[in-house]
Each structure stands twice: as C-alpha cells, then as structure tokens.
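Quick look at model.txt (compact mmCIF, C-alpha atoms):
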```txt
# COMPACT_ATOMS: atom_id res chain seq x y z
CA MET A 123 17.94 -14.17 9.49
CA ALA A 124 20.30 -12.20 11.64
CA SER A 125 22.27 -13.24 14.68
CA SER A 126 20.94 -11.98 18.00
CA LEU A 127 24.43 -11.50 19.39
CA LEU A 128 24.83 -7.78 19.86
CA LEU A 129 27.87 -5.56 19.76
CA SER A 130 27.44 -2.27 21.60
CA THR A 131 29.59 0.26 19.74
CA PRO A 132 31.19 3.15 21.68
CA PHE A 133 29.99 6.61 20.78
CA THR A 134 32.14 9.72 20.54
CA CYS A 135 30.06 12.58 21.95
CA SER A 136 30.94 14.43 25.12
CA PRO A 137 30.00 12.72 28.42
CA PRO A 138 27.17 14.08 30.58
CA ARG A 139 27.61 15.56 34.04
CA HIS A 140 26.72 13.61 37.17
CA HIS A 141 23.54 14.52 39.03
CA PRO A 142 23.40 13.37 42.66
CA LYS A 143 19.61 13.09 42.83
CA ARG A 144 19.25 10.62 40.00
CA LEU A 145 19.70 6.89 39.80
CA THR A 146 23.37 5.98 39.96
CA LEU A 147 24.45 5.12 36.45
CA THR A 148 27.68 3.45 35.45
CA PRO A 149 29.51 5.20 32.61
CA LYS A 150 31.04 2.99 29.95
CA SER A 151 31.92 5.16 26.97
CA PRO A 152 30.60 8.60 26.02
CA CYS A 153 27.39 9.02 24.05
CA SER A 154 26.71 5.29 23.91
CA LEU A 155 23.43 3.52 24.36
CA SER A 156 25.34 1.44 26.89
CA TYR A 157 26.85 4.54 28.52
CA TYR A 158 24.37 4.20 31.34
CA SER A 159 23.78 0.69 32.57
CA ILE A 160 20.65 0.17 34.63
CA PRO A 161 20.71 -2.91 36.90
CA HIS A 162 18.52 -5.74 35.65
CA LYS A 163 16.24 -5.53 38.67
CA PHE A 164 15.27 -2.03 37.60
CA ALA A 165 14.23 -3.16 34.11
CA PHE A 166 10.91 -1.75 33.01
CA GLN A 167 7.85 -3.82 33.82
CA PRO A 168 4.30 -2.91 32.73
CA ALA A 169 1.91 -1.78 35.42
CA ILE A 170 -0.29 -4.59 36.75
CA SER A 171 -3.24 -2.29 37.33
CA SER A 172 -4.17 1.35 36.92
CA THR A 173 -4.07 1.84 40.70
CA VAL A 174 -0.63 0.39 41.31
CA GLN A 175 2.04 1.98 39.17
CA LEU A 176 5.72 2.63 39.61
CA SER A 177 7.35 5.89 38.74
CA LEU A 178 9.20 5.25 35.50
CA LYS A 179 11.32 8.37 35.30
CA PRO A 180 14.17 7.30 37.62
CA LEU A 181 14.42 3.96 35.85
CA GLN A 182 14.64 5.02 32.24
CA PHE A 183 17.24 6.39 29.90
CA ARG A 184 17.15 10.08 29.18
CA ARG A 185 16.77 10.77 25.48
CA LYS A 186 18.86 13.88 25.93
CA LEU A 187 21.63 11.66 27.27
CA LEU A 188 21.63 9.83 23.97
CA ALA A 189 22.03 13.19 22.27
CA GLY A 190 25.01 14.04 24.45
CA THR A 191 23.32 16.65 26.69
CA SER A 192 23.70 16.74 30.43
CA ILE A 193 21.69 15.04 33.13
CA GLY A 194 21.16 18.33 34.86
CA GLU A 195 18.92 19.75 32.14
CA SER A 196 15.17 20.04 32.60
CA ASP A 197 13.27 16.78 32.85
CA ASP A 198 9.75 18.25 32.75
CA ASP A 199 9.15 16.87 29.28
CA SER A 200 8.29 13.17 29.56
CA ASP A 201 9.45 12.69 25.98
CA ASP A 202 13.02 12.96 27.27
CA PHE A 203 12.75 9.45 28.72
CA LEU A 204 12.80 6.16 26.87
CA VAL A 205 10.05 4.04 28.35
CA GLY A 206 10.68 1.26 25.84
CA GLU A 207 13.69 -0.97 25.25
CA ASP A 208 16.88 -0.24 23.37
CA SER A 209 16.47 -2.40 20.29
CA ALA A 210 19.20 -4.91 19.45
CA ALA A 211 21.30 -3.97 22.45
CA PHE A 212 22.65 -6.15 25.24
CA ASP A 213 25.98 -6.94 26.79
CA LEU A 214 27.87 -9.41 24.63
CA SER A 215 29.80 -10.63 27.67
CA SER A 216 26.55 -11.80 29.29
CA GLN A 217 25.97 -14.37 26.54
CA ASN A 218 26.16 -18.01 27.58
CA ILE A 219 27.99 -20.34 25.23
CA SER A 220 25.79 -23.25 26.25
CA SER A 221 22.72 -21.26 25.13
CA TRP A 222 24.17 -20.95 21.64
CA VAL A 223 25.03 -24.63 21.62
CA TYR A 224 21.38 -25.36 22.44
CA PHE A 225 20.32 -22.95 19.71
CA THR A 226 22.49 -24.71 17.15
CA VAL A 227 21.11 -28.12 18.15
CA ILE A 228 17.52 -26.86 18.07
CA LEU A 229 18.06 -25.22 14.68
CA GLY A 230 19.44 -28.47 13.27
CA VAL A 231 16.54 -30.49 14.65
CA VAL A 232 13.98 -28.01 13.31
CA LEU A 233 15.51 -27.96 9.82
CA PHE A 234 15.72 -31.77 9.76
CA ALA A 235 12.09 -32.12 10.84
CA LEU A 236 10.95 -29.43 8.40
CA ASN A 237 12.65 -31.19 5.52
CA LEU A 238 11.43 -34.65 6.51
CA LEU A 239 7.83 -33.78 7.33
CA TRP A 240 7.15 -30.99 4.84
CA ILE A 241 9.74 -30.23 2.15
CA ASP A 242 10.95 -33.66 1.00
CA ASN A 243 8.52 -34.85 -1.66
CA SER A 244 9.10 -38.49 -0.72
CA SER A 245 8.04 -38.08 2.91
CA GLY A 246 6.65 -34.58 3.47
CA PHE A 247 3.17 -33.13 3.26
CA GLY A 248 4.11 -29.87 1.53
CA LYS A 249 3.35 -31.18 -1.96
CA TYR A 250 -0.12 -32.28 -0.86
CA TYR A 251 -0.80 -28.84 0.60
CA ILE A 252 0.17 -27.11 -2.65
CA GLY A 253 -1.65 -29.74 -4.71
CA ALA A 254 -4.86 -29.24 -2.74
CA LEU A 255 -4.82 -25.49 -3.35
CA GLU A 256 -4.07 -25.98 -7.04
CA SER A 257 -7.01 -28.36 -7.35
CA ILE A 258 -9.32 -25.77 -5.79
CA PHE A 259 -8.00 -22.70 -7.59
CA GLN A 260 -7.25 -23.05 -11.28
CA SER A 261 -4.98 -20.03 -11.63
CA PRO A 262 -1.53 -19.35 -10.15
CA GLU A 263 -2.72 -15.90 -9.05
CA LEU A 264 -5.44 -17.37 -6.82
CA VAL A 265 -3.13 -20.06 -5.47
CA MET A 266 -0.51 -17.42 -4.65
CA LEU A 267 -3.09 -15.20 -2.98
CA SER A 268 -4.57 -18.10 -1.01
CA LEU A 269 -1.12 -19.11 0.24
CA THR A 270 -0.49 -15.63 1.61
CA ILE A 271 -3.96 -15.41 3.16
CA ILE A 272 -3.65 -18.78 4.89
CA PHE A 273 -0.22 -17.92 6.23
CA ALA A 274 -1.47 -14.52 7.40
CA ALA A 275 -4.51 -15.99 9.15
CA VAL A 276 -2.45 -18.60 10.99
CA HIS A 277 0.47 -16.32 11.80
CA SER A 278 -1.56 -13.33 12.99
CA GLY A 279 -4.21 -15.53 14.56
CA LEU A 280 -1.72 -17.35 16.77
CA ALA A 281 -0.04 -14.04 17.62
CA SER A 282 -3.40 -12.65 18.74
CA PHE A 283 -3.89 -15.57 21.12
CA ARG A 284 -0.34 -15.37 22.45
CA ASP A 285 -1.25 -14.15 25.93
CA THR A 286 -3.87 -16.85 26.38
CA GLY A 287 -1.68 -19.54 24.88
CA GLU A 288 1.29 -18.68 27.06
CA LYS A 289 -0.88 -18.87 30.16
CA LEU A 290 -2.13 -22.31 29.14
CA ILE A 291 1.08 -24.01 28.00
CA GLY A 292 3.90 -21.57 28.82
CA GLU A 293 5.99 -19.17 26.77
CA ARG A 294 8.42 -21.69 25.32
CA ALA A 295 5.81 -24.29 24.40
CA PHE A 296 3.67 -21.67 22.70
CA ARG A 297 6.68 -20.43 20.72
CA VAL A 298 7.35 -23.99 19.54
CA LEU A 299 3.70 -24.33 18.48
CA PHE A 300 3.76 -20.95 16.75
CA ALA A 301 6.93 -21.72 14.80
CA GLY A 302 5.93 -25.31 14.08
CA VAL A 303 2.75 -24.18 12.32
CA SER A 304 3.96 -20.94 10.72
CA LEU A 305 7.29 -22.11 9.31
CA PRO A 306 5.98 -24.79 6.90
CA LEU A 307 3.33 -22.39 5.58
CA ALA A 308 5.96 -19.69 5.05
CA VAL A 309 8.25 -22.10 3.18
CA SER A 310 5.39 -23.21 0.91
CA THR A 311 4.51 -19.60 0.11
CA VAL A 312 8.10 -18.66 -0.72
CA VAL A 313 8.76 -21.78 -2.83
CA TYR A 314 5.54 -21.36 -4.80
CA PHE A 315 6.36 -17.70 -5.48
CA ILE A 316 9.83 -18.58 -6.75
CA ASN A 317 8.49 -21.35 -9.00
CA HIS A 318 5.53 -19.41 -10.42
CA ARG A 319 6.66 -15.80 -10.32
CA TYR A 320 6.73 -15.59 -14.12
CA ASP A 321 3.36 -17.28 -14.65
CA GLY A 322 0.16 -15.36 -15.20
CA VAL A 323 -0.48 -12.31 -17.34
CA GLN A 324 2.40 -9.98 -18.14
CA LEU A 325 1.27 -6.46 -17.28
CA TRP A 326 4.43 -4.51 -18.02
CA GLN A 327 8.06 -5.18 -18.86
CA VAL A 328 10.72 -2.77 -17.60
CA GLN A 329 13.63 -5.14 -16.94
CA SER A 330 15.51 -3.74 -19.91
CA VAL A 331 15.03 -0.12 -18.85
CA PRO A 332 18.35 1.37 -17.68
CA GLY A 333 18.57 1.81 -13.93
CA VAL A 334 15.58 -0.38 -13.03
CA HIS A 335 17.71 -3.33 -11.94
CA GLN A 336 19.80 -1.07 -9.69
CA LEU A 337 16.65 0.50 -8.25
CA VAL A 338 15.10 -2.88 -7.49
CA TRP A 339 18.31 -4.19 -5.95
CA LEU A 340 18.78 -1.12 -3.74
CA SER A 341 15.12 -1.17 -2.65
CA SER A 342 15.31 -4.87 -1.77
CA PHE A 343 18.51 -4.28 0.19
CA ILE A 344 16.96 -1.40 2.14
CA SER A 345 13.83 -3.44 2.86
CA PHE A 346 15.84 -5.90 4.96
CA LEU A 347 17.20 -3.09 7.12
CA PHE A 348 13.59 -2.61 8.29
CA LEU A 349 13.47 -5.97 10.03
CA TYR A 350 11.62 -5.78 13.34
CA PRO A 351 14.16 -5.75 16.23
CA SER A 352 12.70 -8.91 17.80
CA THR A 353 13.99 -10.75 14.74
CA PHE A 354 17.47 -10.26 16.18
CA ASN A 355 16.66 -12.16 19.39
CA LEU A 356 17.42 -15.59 18.00
CA LEU A 357 17.61 -17.21 21.42
CA GLU A 358 14.03 -16.13 22.06
CA VAL A 359 12.94 -17.08 18.55
CA ALA A 360 14.24 -20.60 19.19
CA ALA A 361 12.76 -20.58 22.73
CA VAL A 362 16.20 -21.09 24.31
CA ASP A 363 15.49 -17.90 26.23
CA LYS A 364 11.96 -17.30 27.42
CA PRO A 365 10.14 -15.42 24.60
CA LYS A 366 8.86 -11.94 25.43
CA LEU A 367 6.68 -9.33 23.80
CA HIS A 368 9.06 -6.38 23.61
CA LEU A 369 8.32 -2.68 23.54
CA TRP A 370 11.17 -1.36 21.37
CA GLU A 371 11.89 2.34 21.04
CA THR A 372 15.35 2.95 19.60
CA GLY A 373 17.08 2.17 16.33
CA ILE A 374 14.75 1.61 13.40
CA MET A 375 11.75 2.25 15.67
CA ARG A 376 12.57 5.96 15.69
CA ILE A 377 11.94 6.01 11.95
CA THR A 378 8.79 3.89 11.96
CA ARG A 379 6.97 2.00 14.69
CA HIS A 380 6.22 -0.80 12.22
CA PRO A 381 9.45 -1.45 10.31
CA GLN A 382 8.44 -4.95 9.24
CA MET A 383 5.45 -3.54 7.38
CA VAL A 384 7.52 -0.81 5.74
CA GLY A 385 10.18 -3.28 4.67
CA GLN A 386 7.61 -5.68 3.24
CA VAL A 387 5.94 -2.90 1.24
CA ILE A 388 9.30 -1.82 -0.19
CA TRP A 389 10.19 -5.41 -1.08
CA CYS A 390 6.82 -6.07 -2.72
CA LEU A 391 6.83 -2.88 -4.77
CA ALA A 392 10.38 -3.53 -5.96
CA HIS A 393 9.72 -7.13 -7.00
CA THR A 394 6.35 -6.32 -8.55
CA LEU A 395 8.00 -3.58 -10.62
CA TRP A 396 10.70 -6.00 -11.76
CA ILE A 397 8.50 -9.03 -12.52
CA GLY A 398 5.52 -7.04 -13.77
CA ASN A 399 2.86 -9.76 -13.94
CA SER A 400 -0.36 -10.80 -12.26
CA VAL A 401 1.25 -13.41 -9.96
CA ALA A 402 3.58 -10.80 -8.50
CA VAL A 403 0.63 -8.45 -8.00
CA ALA A 404 -1.34 -11.19 -6.21
CA ALA A 405 1.59 -11.98 -3.92
CA SER A 406 2.09 -8.31 -3.11
CA ILE A 407 -1.60 -7.78 -2.34
CA GLY A 408 -1.58 -10.69 0.10
CA LEU A 409 1.68 -9.80 1.81
CA ILE A 410 1.01 -6.07 2.10
CA GLY A 411 -2.53 -6.72 3.34
CA HIS A 412 -1.17 -9.08 5.99
CA HIS A 413 1.33 -6.53 7.24
CA LEU A 414 -1.19 -3.68 7.25
CA PHE A 415 -3.38 -5.83 9.49
CA GLY A 416 -0.29 -6.44 11.60
CA VAL A 417 0.04 -2.70 12.17
CA TRP A 418 -3.35 -2.58 13.87
CA ASN A 419 -2.94 -5.92 15.61
CA GLY A 420 0.57 -5.17 16.82
CA ASP A 421 -0.44 -1.84 18.35
CA ARG A 422 -3.45 -3.49 19.97
CA ARG A 423 -1.35 -6.20 21.58
CA LEU A 424 1.30 -3.77 22.83
CA ALA A 425 -1.39 -1.48 24.25
CA LEU A 426 -2.91 -4.40 26.17
CA ARG A 427 0.46 -5.51 27.50
CA TYR A 428 2.14 -2.17 28.28
CA GLY A 429 -0.72 0.32 28.69
CA ASP A 430 0.43 3.91 29.26
CA ALA A 431 4.02 3.08 28.39
CA PHE A 432 2.98 2.04 24.89
CA GLU A 433 0.86 5.18 24.52
CA THR A 434 3.97 7.22 25.29
CA VAL A 435 5.98 5.36 22.65
CA LYS A 436 3.10 5.61 20.19
CA ASN A 437 2.84 9.37 20.65
CA ARG A 438 6.47 9.95 19.73
CA THR A 439 6.77 7.43 16.91
CA SER A 440 4.92 6.99 13.64
CA ILE A 441 3.73 4.35 11.22
CA ILE A 442 4.77 6.33 8.15
CA PRO A 443 8.58 6.53 8.06
CA PHE A 444 10.04 9.78 9.42
CA ALA A 445 6.58 11.32 10.05
CA ALA A 446 7.23 11.69 13.79
CA VAL A 447 10.68 13.13 13.10
CA ILE A 448 9.32 15.69 10.66
CA ASP A 449 6.53 16.91 12.94
CA GLY A 450 8.84 17.09 15.96
CA ARG A 451 7.45 14.25 18.05
CA GLN A 452 10.67 12.24 17.64
CA ARG A 453 14.05 13.87 18.26
CA LEU A 454 16.91 11.85 16.82
CA PRO A 455 20.06 11.71 18.98
CA LYS A 456 23.19 13.35 17.62
CA CYS A 457 24.82 9.92 17.47
CA TYR A 458 21.75 8.19 16.05
CA TYR A 459 23.64 6.38 13.30
CA LYS A 460 25.53 4.52 16.03
CA GLU A 461 22.34 2.68 16.92
CA PHE A 462 22.74 0.77 13.64
CA ILE A 463 26.45 -0.03 13.89
CA ARG A 464 25.80 -3.23 15.75
CA LEU A 465 26.30 -6.89 15.05
CA PRO A 466 22.67 -7.73 14.12
CA TYR A 467 22.54 -5.05 11.43
CA LEU A 468 25.96 -6.04 10.13
CA ALA A 469 24.71 -9.62 9.99
CA VAL A 470 21.58 -8.52 8.12
CA ILE A 471 23.77 -6.76 5.55
CA ALA A 472 25.96 -9.83 5.12
CA VAL A 473 23.00 -12.23 4.82
CA THR A 474 21.17 -9.92 2.39
CA LEU A 475 24.19 -9.72 0.12
CA GLY A 476 24.65 -13.48 0.41
CA ALA A 477 21.01 -14.13 -0.47
CA TYR A 478 21.31 -11.96 -3.56
CA PHE A 479 24.28 -13.91 -4.88
CA ALA A 480 22.62 -17.19 -3.81
CA HIS A 481 19.49 -16.53 -5.89
CA PRO A 482 20.44 -19.20 -8.47
CA LEU A 483 20.83 -21.80 -5.71
CA MET A 484 17.51 -20.82 -4.12
CA GLN A 485 15.76 -21.03 -7.46
CA SER A 486 17.32 -24.40 -8.26
CA ALA A 487 16.25 -25.84 -4.90
CA SER A 488 12.70 -24.56 -5.37
CA PHE A 489 12.43 -25.87 -8.93
CA GLY A 490 13.49 -29.30 -7.70
CA LEU A 491 10.39 -29.52 -5.50
CA HIS A 492 7.98 -29.08 -8.43
CA TRP A 493 5.50 -27.25 -6.21
```

Taking this structure as input, can you express it in the form of structure tokens?
Amino acid sequence: MASSLLLSTPFTCSPPRHHPKRLTLTPKSPCSLSYYSIPHKFAFQPAISSTVQLSLKPLQFRRKLLAGTSIGESDDDSDDFLVGEDSAAFDLSSQNISSWVYFTVILGVVLFALNLLWIDNSSGFGKYYIGALESIFQSPELVMLSLTIIFAAVHSGLASFRDTGEKLIGERAFRVLFAGVSLPLAVSTVVYFINHRYDGVQLWQVQSVPGVHQLVWLSSFISFLFLYPSTFNLLEVAAVDKPKLHLWETGIMRITRHPQMVGQVIWCLAHTLWIGNSVAVAASIGLIGHHLFGVWNGDRRLALRYGDAFETVKNRTSIIPFAAVIDGRQRLPKCYYKEFIRLPYLAVIAVTLGAYFAHPLMQSASFGLHW
C-alpha cells in the first residue's frame, strides 16, 4: 500500500562525541537514524551455529546515540544496542531507477493477470470460488468466516514453509508463489465483505450516535499506521529485490512487536462497532484470530532465523502496545517521532485518506462483481 522509497529525515539533537575505540562512523546530521552509517559489509547476519558467533556490539547502533547521548557513555547494558534493523530506513540515493521500472512492469502484469484469471466474471475463477462456498454454507456469516479461515490457512501456512520453500525454488520464486496464491484469496475476502457487510442479523445500531463516525474514522486511520515495516519494502514484495525475513526494531516496533496484529484489531473493532451485525462479527473473528496466530508464528520464525538476536529484541519490545515502554524495557529516543517522518509513513497517510474518499468507487466495483 505504501511506497518502499524512504526519506531519511535529519534530526535536531546535539551530536555525540567521537570515541577512538569504536567502529568508525560517518556523521550525516545530528540525532538522525542515518547519523551513523555502517558499511554494508558489516550488516548484521544471524549466527550460523551456537559455537560460531560474531560480536555484535561494534557493529550495531547505540540506542543512546538515537537519544542524543554520547558514545563515551557506559556500554555495559546490552539494551543500548540495536541488534535489529532500522525499519523503513535506507539511502534514497542508492535506489536504482531500473528496479522501479521493473516493479511498475511487474505490478501491471500482476494486476492484468489477477483481473483476467480471477476477478473478471467472464474469464476468471473468483466467482466459482465464492459460489462454491455459498453452496456449502447457507449463511453469509459462515461464508465470510470460511473466506477468512481459508486465506489465513494458506497465507500463514506458506509463510511457515518459507525457509524450506526458498531452499527448494529460491527466494524470488517462492515470493511469486506466495503472492500468486494469497492475493486472489485476499481479493475475494475483501470483495465479499464489501458486498455482504450489511447482511445477517443486526445486533446494534449506533451510526446515528454523535461522535461514533468520527471515532470509527480516527480508529481506522490509526490502524493503517500500524502496518508492519516489511510492507514498505515494495521491491522485495514484488521480488525485484531478493525477499528477506527482517528483524525490525525501530519505529512502530518500539510500540509493539506485532503492529500488523494491533492495526487489524483496531480496524475490526471500529468497523464492527459501525456496522453492528453478525457478518461484521464473523469477519472480525476470522481476521483477529488469524493475526493472533501470526503473533505466535511470527515470533517462532524470527527465533529460528535470528536466535539470540531475536531474544534480545523480544525482551525489550512487547506485543501489547506500549507495555515495554511502561515497564522500562524499551527506552524511546528523544527524537523518536522523527522515526515516523519518512516517505513510507507519509505515503500510508496519503493512501489511507485516498481510500476513505474512494469508498464509493470501491463499493461500486465490488457490487459489479455480484460475488
């Protein structure tokens, strides 16, 4: 949804002092996540075995540096180092125009194929998929729930076999397989929800209550700010760049280690409150259940890939928003808000506002499919 081009914004805190014993770091602008640039060859790599490990401390950002304190301060506390990656941050000048040309071509081909093979009722299989579920389940609630469960099983199932799949067919080929199967199922689920969101049994009606519309709108807007940082890496999503399983630690990850789950819960609660019927409840149960499973599965996969590094990140982050901040395990930098003033988040804001005003168009397109 958001562009993966990233704009590193200069910070305004005082610069740290140089320390001769530490890795030489190139200053850019004070109190910036890009203030210290570590050469690519020093980028963090997970340990191959428990007996062969590299010392991470010289190769990682100091958290105190992000807060504007000096390099010379005590480094006994391992929490002062970021062992994960700076989410949504890379040098804009390193972007290759040809990569974005490839991305545009791939996006066009994918959308054309998706429409031809799945969405278009005259040639696609989407209508048969929906029709089959409607013939099995006689209620829109069960169809809605089954759509979310099928999507969840395929999406999380393929994610669980990612390591094995990438070894067998390669990272890019597995990403194409993953997207090729998941995307049509996601489209079907969204279209069916739009078309049948006011079916079923009405449980409550609060749309006329003053302030409810504003609350739902604000909650929905906030929910999209909790997009998982990997969503911003569009070149990896489209397999132009080699896809990676990232260990993020900055930005939204300081608030919650599972922002996608938090955002989905907020979105579901807001829309269920607004719609107030059994179909909305069924959709929310399926989507929230899927993302709660993703919390466990995501931690499991990161633990397998990154080992002790993930345990360090896990210990100073939380699932529940702000829990690690409140109990002192996460110390927010003085310039923390700067971690969000970046192109991907600005793009998310723009797309979210655009989607809100484009609701009539989205509804019209969905109604035209008669799913």

request  = Would you list the contacts of Val362 of chain A as a ChimeraX atom specification, taking every protein, DNA or RNA residue within 7 Å and counting only C-alpha atoms, but skipping same-chain residues closer than 3 positions in sequence?
outcome  = /A:221,224-225,357-358

Using only C-alpha atoms: which of A:Leu367, A:Ala210, A:Leu233, A:Val303 has the shortest distance to Glu461 of chain A =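 Using only C-alpha atoms, Glu461 of chain A sits closest to A:Ala210.
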
Among listed residues A:Pro381, A:Pro262, A:Gly333, A:Gly230, nearest Trp396 of chain A (using only C-alpha atoms) =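 Closest to Trp396 of chain A of all the choices is A:Gly333.
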
query = Near Asp208 of chain A, counting all atoms listed in the file, which residues have an atom at most 9 Å away, once you skip same-chain residues fewer than 6 positions from it, shown as JSON, numbers by chain?
reply = {"A": [155, 369, 370, 371, 372, 373, 461]}

inquiry  = For Ala281 of chain A, find every residue with an atom within 9 Å (counting all atoms listed in the file), except residues of its own chain fewer than 5 positions away, and show them as a PyMOL selection string.
reply    = chain A and resi 276+300+419-420+423

Selection near Gln329 of chain A, 10 Å with all atoms listed in the file, sequence-local residues under 4 positions removed, as a PDB file with C-alpha atoms, in the coordinates of the input:
```
ATOM      1  CA  GLY A 333      18.570   1.810 -13.930  1.00  0.00           C
ATOM      2  CA  VAL A 334      15.580  -0.380 -13.030  1.00  0.00           C
ATOM      3  CA  HIS A 335      17.710  -3.330 -11.940  1.00  0.00           C
ATOM      4  CA  VAL A 338      15.100  -2.880  -7.490  1.00  0.00           C
ATOM      5  CA  LEU A 395       8.000  -3.580 -10.620  1.00  0.00           C
ATOM      6  CA  TRP A 396      10.700  -6.000 -11.760  1.00  0.00           C
ATOM      7  CA  ILE A 397       8.500  -9.030 -12.520  1.00  0.00           C
ATOM      8  CA  GLY A 398       5.520  -7.040 -13.770  1.00  0.00           C
TER       9      GLY A 398
END
```

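Among the candidates A:Leu214, A:Val227, A:Ala392, A:Val205, the one nearest to Arg464 of chain A when counting only C-alpha atoms is A:Leu214.
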
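With distances taken over all atoms listed in the file, A:Gly408 is the one residue among A:Gly408, A:Pro306, A:Pro455, A:Gly206 lying closest to Ser268 of chain A.
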
Pick from A:His393, A:Lys436, A:Lys460, A:Lys249 nearest to Val328 of chain A, counting only C-alpha atoms = A:His393
